[in-house]
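Presented below is the structure to which this report refers.
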Amino acid sequence: MNIAKSLNGQTVLVTRSERQAGVFQQKIEALNGHAVSTSLIRFEPTLTKEHAKAFLKDLETSDWLVFTSVNGASFFLTYMQDHQLHTSLSHLKVAAVGEKTSAYLKQRGFKVDVVPERFIAEELADALMEHVLPGERIFVAKGHLSRDVVKQTLIPLGIEVKEWILYETIKDEQGIAALQLAMRRQSFDFITFTSSSTVHSFMHVMESYVAQLADSDTCFVTIGPLTKEALLQYGIPSETPDIYTIDGMLDLMCRLSERKLNQ
């Protein structure tokens, strides 16, 4: 997305994991914003060498390979490499939940056959319904917090779905301590969330600040409807972009910043 706008010096809290925050932070600063990054969660692999034989069997007997996140794709490829699972994937049709996951896969040589118009699990399941045939087998690469929408939607249609949990989401204790310090030292124009799990981690850590945050001038920006819904559970509304990506969030924050400047 080409964003010919500015954040006008606004301060943005980025609550992504350390491995994901860098690009977001760079883009904020390139738009004349000030980024403060704190990692509340981190991701750890769940599969060991003992899983390799079953993993490879399911992969080789599947017709579709489905990724519900960039993390799922990353941990999938890392597991294949670390355990030297040298097998052809050319027989597999590939589906990705959104354009970022699709772009990541294409950069690594995959041909992506299905990407839904809206980047959420329900849309991915609906898109697969239009392409997958009864009797075909699907291999889903996911994290332990990912919902089983694809499985619940397709199994009643006679489609076999094998879900492989490749990583788990855990608390980043150092990042949490950094967040608590940052909240005591400064205020933020925007606080951003890119996942429901980050919302819940943030609110758990900042429980004593929730009422203060809800009454402040801070604008909360969530990447999509599920993250927005998670934040609403704590009584805090948020702005959500039309396109559920980091660039969509940046574009939205630039427009909100411009509006604030002209008030």
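By order of appearance in the structure tokens: chains A, B, ..., then residues from 1 within every chain, and ligands from 1 in the order shown.
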Residue neighbourhood Val140 in chain A, 10 Å, only C-alpha atoms, exclusion window fewer than 4 positions, as JSON, numbers by chain: {"A": [59, 62, 64, 65, 66, 67, 68, 72, 95, 148, 150, 151, 161, 162, 163, 164, 165, 166]}
Using only C-alpha atoms, tabulate the residues of range 184-220 of chain A lying at most 12 Å from any atom of range 21-35 of chain A, each with its closest atom pair and that distance in Å to one decimal, by chain and increasing residue number, as a tab-separated table.
residue	atom	partner	partner_atom	distance
A:Ser187	CA	A:His34	CA	11.8
A:Phe188	CA	A:Ala35	CA	9.6
A:Asp189	CA	A:His34	CA	9.8
A:Phe190	CA	A:Ala35	CA	9.6
A:Ile191	CA	A:Ala35	CA	10.1
A:Thr192	CA	A:Phe24	CA	10.3
A:Phe193	CA	A:Ala21	CA	11.1
A:Thr194	CA	A:Ala21	CA	10.3
Residues near Arg118 in chain A, cut-off 12 Å, only C-alpha atoms, skip fewer than 6 positions along chain, as a ChimeraX atom specification: /A:96-99,124-127,223-225,241-245
Writing out the chosen residues with C-alpha atoms as a PDB file, in the first residue's frame:
ATOM      1  CA  ALA A  96      -3.350 -18.674   2.775  1.00  0.00           C
ATOM      2  CA  VAL A  97      -5.485 -16.632   5.172  1.00  0.00           C
ATOM      3  CA  GLY A  98      -4.362 -13.254   3.799  1.00  0.00           C
ATOM      4  CA  GLU A  99      -2.053 -11.309   1.529  1.00  0.00           C
ATOM      5  CA  LEU A 124     -10.749 -18.697   4.457  1.00  0.00           C
ATOM      6  CA  ALA A 125     -13.123 -21.571   5.241  1.00  0.00           C
ATOM      7  CA  ASP A 126     -15.741 -20.177   2.841  1.00  0.00           C
ATOM      8  CA  ALA A 127     -13.143 -19.775   0.092  1.00  0.00           C
ATOM      9  CA  ILE A 223      -6.109  -4.984  12.963  1.00  0.00           C
ATOM     10  CA  GLY A 224      -9.461  -6.699  12.376  1.00  0.00           C
ATOM     11  CA  PRO A 225     -12.908  -7.568  13.755  1.00  0.00           C
ATOM     12  CA  PRO A 241      -9.003  -0.458   9.039  1.00  0.00           C
ATOM     13  CA  ASP A 242     -10.961  -1.617   6.019  1.00  0.00           C
ATOM     14  CA  ILE A 243      -8.010  -3.807   5.021  1.00  0.00           C
ATOM     15  CA  TYR A 244      -6.859  -6.053   7.869  1.00  0.00           C
ATOM     16  CA  THR A 245      -3.097  -5.515   7.528  1.00  0.00           C
TER      17      THR A 245
END
Which residue of A:Leu40, A:Met129, A:Leu92, A:Ile155 approaches Ala178 in chain A most closely, using only C-alpha atoms: A:Leu40
In range 47-259 of chain A, DSSP strand (DSSP E or B) residues written as an mmCIF file with N, CA and C atoms, in the first residue's frame:
data_model
loop_
_atom_site.group_PDB
_atom_site.id
_atom_site.type_symbol
_atom_site.label_atom_id
_atom_site.label_comp_id
_atom_site.auth_asym_id
_atom_site.auth_seq_id
_atom_site.Cartn_x
_atom_site.Cartn_y
_atom_site.Cartn_z
ATOM 1 N N TRP A 64 -4.360 -30.512 -0.054
ATOM 2 C CA TRP A 64 -4.277 -29.079 0.194
ATOM 3 C C TRP A 64 -3.382 -28.801 1.393
ATOM 4 N N LEU A 65 -2.670 -27.696 1.327
ATOM 5 C CA LEU A 65 -1.859 -27.194 2.431
ATOM 6 C C LEU A 65 -2.399 -25.808 2.786
ATOM 7 N N VAL A 66 -2.843 -25.658 4.029
ATOM 8 C CA VAL A 66 -3.520 -24.428 4.442
ATOM 9 C C VAL A 66 -2.741 -23.752 5.571
ATOM 10 N N PHE A 67 -2.491 -22.454 5.402
ATOM 11 C CA PHE A 67 -1.775 -21.672 6.404
ATOM 12 C C PHE A 67 -2.696 -20.582 6.953
ATOM 13 N N LYS A 93 -2.162 -28.179 -3.428
ATOM 14 C CA LYS A 93 -2.701 -26.853 -3.656
ATOM 15 C C LYS A 93 -2.602 -26.097 -2.328
ATOM 16 N N VAL A 94 -2.382 -24.795 -2.404
ATOM 17 C CA VAL A 94 -2.064 -24.013 -1.208
ATOM 18 C C VAL A 94 -3.096 -22.915 -0.993
ATOM 19 N N ALA A 95 -3.505 -22.754 0.261
ATOM 20 C CA ALA A 95 -4.405 -21.665 0.645
ATOM 21 C C ALA A 95 -3.769 -20.886 1.787
ATOM 22 N N ALA A 96 -3.898 -19.554 1.743
ATOM 23 C CA ALA A 96 -3.350 -18.674 2.775
ATOM 24 C C ALA A 96 -4.433 -17.738 3.274
ATOM 25 N N VAL A 114 -5.453 -20.120 -3.237
ATOM 26 C CA VAL A 114 -6.644 -19.520 -2.630
ATOM 27 C C VAL A 114 -6.238 -18.513 -1.567
ATOM 28 N N ARG A 137 -8.157 -34.212 1.038
ATOM 29 C CA ARG A 137 -7.570 -34.097 2.370
ATOM 30 C C ARG A 137 -6.839 -32.765 2.506
ATOM 31 N N ILE A 138 -7.001 -32.160 3.684
ATOM 32 C CA ILE A 138 -6.397 -30.846 3.949
ATOM 33 C C ILE A 138 -5.441 -30.944 5.132
ATOM 34 N N PHE A 139 -4.266 -30.364 4.943
ATOM 35 C CA PHE A 139 -3.251 -30.258 5.997
ATOM 36 C C PHE A 139 -3.229 -28.800 6.442
ATOM 37 N N VAL A 140 -3.577 -28.548 7.695
ATOM 38 C CA VAL A 140 -3.618 -27.175 8.213
ATOM 39 C C VAL A 140 -2.438 -26.951 9.155
ATOM 40 N N ALA A 141 -1.622 -25.949 8.857
ATOM 41 C CA ALA A 141 -0.495 -25.564 9.712
ATOM 42 C C ALA A 141 -0.916 -24.355 10.543
ATOM 43 N N LYS A 142 -0.855 -24.459 11.883
ATOM 44 C CA LYS A 142 -1.443 -23.421 12.724
ATOM 45 C C LYS A 142 -0.742 -23.333 14.071
ATOM 46 N N GLY A 143 -1.130 -22.331 14.854
ATOM 47 C CA GLY A 143 -0.673 -22.175 16.228
ATOM 48 C C GLY A 143 -1.715 -22.699 17.194
ATOM 49 N N GLU A 160 -11.564 -34.419 4.666
ATOM 50 C CA GLU A 160 -10.713 -34.775 5.801
ATOM 51 C C GLU A 160 -9.740 -33.641 6.097
ATOM 52 N N VAL A 161 -9.679 -33.237 7.367
ATOM 53 C CA VAL A 161 -8.818 -32.131 7.782
ATOM 54 C C VAL A 161 -7.877 -32.596 8.880
ATOM 55 N N LYS A 162 -6.585 -32.466 8.632
ATOM 56 C CA LYS A 162 -5.560 -32.767 9.626
ATOM 57 C C LYS A 162 -4.947 -31.458 10.095
ATOM 58 N N GLU A 163 -5.102 -31.165 11.367
ATOM 59 C CA GLU A 163 -4.534 -29.940 11.919
ATOM 60 C C GLU A 163 -3.217 -30.242 12.644
ATOM 61 N N TRP A 164 -2.189 -29.480 12.304
ATOM 62 C CA TRP A 164 -0.895 -29.617 12.961
ATOM 63 C C TRP A 164 -0.561 -28.310 13.680
ATOM 64 N N ILE A 165 -0.432 -28.394 14.998
ATOM 65 C CA ILE A 165 -0.082 -27.225 15.801
ATOM 66 C C ILE A 165 1.439 -27.124 15.845
ATOM 67 N N LEU A 166 1.965 -26.118 15.164
ATOM 68 C CA LEU A 166 3.403 -25.988 14.973
ATOM 69 C C LEU A 166 4.074 -25.067 15.993
ATOM 70 N N TYR A 167 3.274 -24.199 16.634
ATOM 71 C CA TYR A 167 3.870 -23.283 17.607
ATOM 72 C C TYR A 167 2.848 -22.910 18.668
ATOM 73 N N GLU A 168 3.357 -22.455 19.790
ATOM 74 C CA GLU A 168 2.489 -21.984 20.868
ATOM 75 C C GLU A 168 2.854 -20.556 21.231
ATOM 76 N N THR A 169 1.886 -19.844 21.766
ATOM 77 C CA THR A 169 2.063 -18.459 22.172
ATOM 78 C C THR A 169 2.223 -18.398 23.680
ATOM 79 N N ILE A 170 3.320 -17.807 24.150
ATOM 80 C CA ILE A 170 3.569 -17.716 25.587
ATOM 81 C C ILE A 170 3.919 -16.279 25.961
ATOM 82 N N LYS A 171 3.839 -15.976 27.250
ATOM 83 C CA LYS A 171 4.120 -14.631 27.731
ATOM 84 C C LYS A 171 5.597 -14.293 27.574
ATOM 85 N N PHE A 190 -1.555 6.512 20.063
ATOM 86 C CA PHE A 190 -2.173 5.298 19.544
ATOM 87 C C PHE A 190 -1.590 4.085 20.266
ATOM 88 N N ILE A 191 -2.456 3.133 20.568
ATOM 89 C CA ILE A 191 -2.019 1.814 21.031
ATOM 90 C C ILE A 191 -2.570 0.801 20.038
ATOM 91 N N THR A 192 -1.697 -0.017 19.498
ATOM 92 C CA THR A 192 -2.093 -0.923 18.414
ATOM 93 C C THR A 192 -2.069 -2.384 18.863
ATOM 94 N N PHE A 193 -3.021 -3.147 18.316
ATOM 95 C CA PHE A 193 -3.089 -4.586 18.577
ATOM 96 C C PHE A 193 -3.277 -5.328 17.261
ATOM 97 N N CYS A 219 -6.016 6.644 21.315
ATOM 98 C CA CYS A 219 -6.846 5.948 20.330
ATOM 99 C C CYS A 219 -6.310 4.527 20.162
ATOM 100 N N PHE A 220 -7.187 3.551 20.326
ATOM 101 C CA PHE A 220 -6.812 2.150 20.143
ATOM 102 C C PHE A 220 -7.118 1.738 18.707
ATOM 103 N N VAL A 221 -6.166 1.053 18.093
ATOM 104 C CA VAL A 221 -6.310 0.614 16.712
ATOM 105 C C VAL A 221 -6.097 -0.898 16.665
ATOM 106 N N THR A 222 -7.103 -1.627 16.188
ATOM 107 C CA THR A 222 -7.043 -3.085 16.099
ATOM 108 C C THR A 222 -7.039 -3.510 14.640
ATOM 109 N N GLU A 239 -10.583 1.637 16.657
ATOM 110 C CA GLU A 239 -10.708 1.876 15.223
ATOM 111 C C GLU A 239 -10.086 0.686 14.491
#
Counting only C-alpha atoms, the option among A:Tyr104, A:Ile159, A:Arg147, A:Leu179 closest to Ser196 in chain A: A:Arg147
Neighbour list for Ser197 in chain A as a PyMOL selection string, cut-off 9 Å, only C-alpha atoms, skip fewer than 2 positions in-chain: chain A and resi 41+145+169+194-195+199-202+227+230
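If only C-alpha atoms are the atoms counted, then among A:Pro116, A:Val132, A:Thr153, A:Ile246 the closest residue to Gln20 in chain A is A:Ile246.
Proximity of A:His144, A:Arg185, A:Lys228, A:His91 to Leu47 in chain A, computed with only C-alpha atoms, is greatest for A:His144.
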Point-to-point distance in Å for CA of Ser216 in chain A and CA of Thr240 in chain A: 18.4 Å
Non-local contacts of Met80 in chain A (12 Å; only C-alpha atoms; under 2 positions in same chain excluded) as a PyMOL selection string: chain A and resi 47-49+51-53+55-56+59+73-78+82-89+166
Picked from range 21-259 of chain A by DSSP as helix (DSSP H, G or I), as a PyMOL selection string: chain A and resi 21-30+49-60+70-82+99-107+121-129+149-157+173-185+196-205+207-214+225-232+246-259
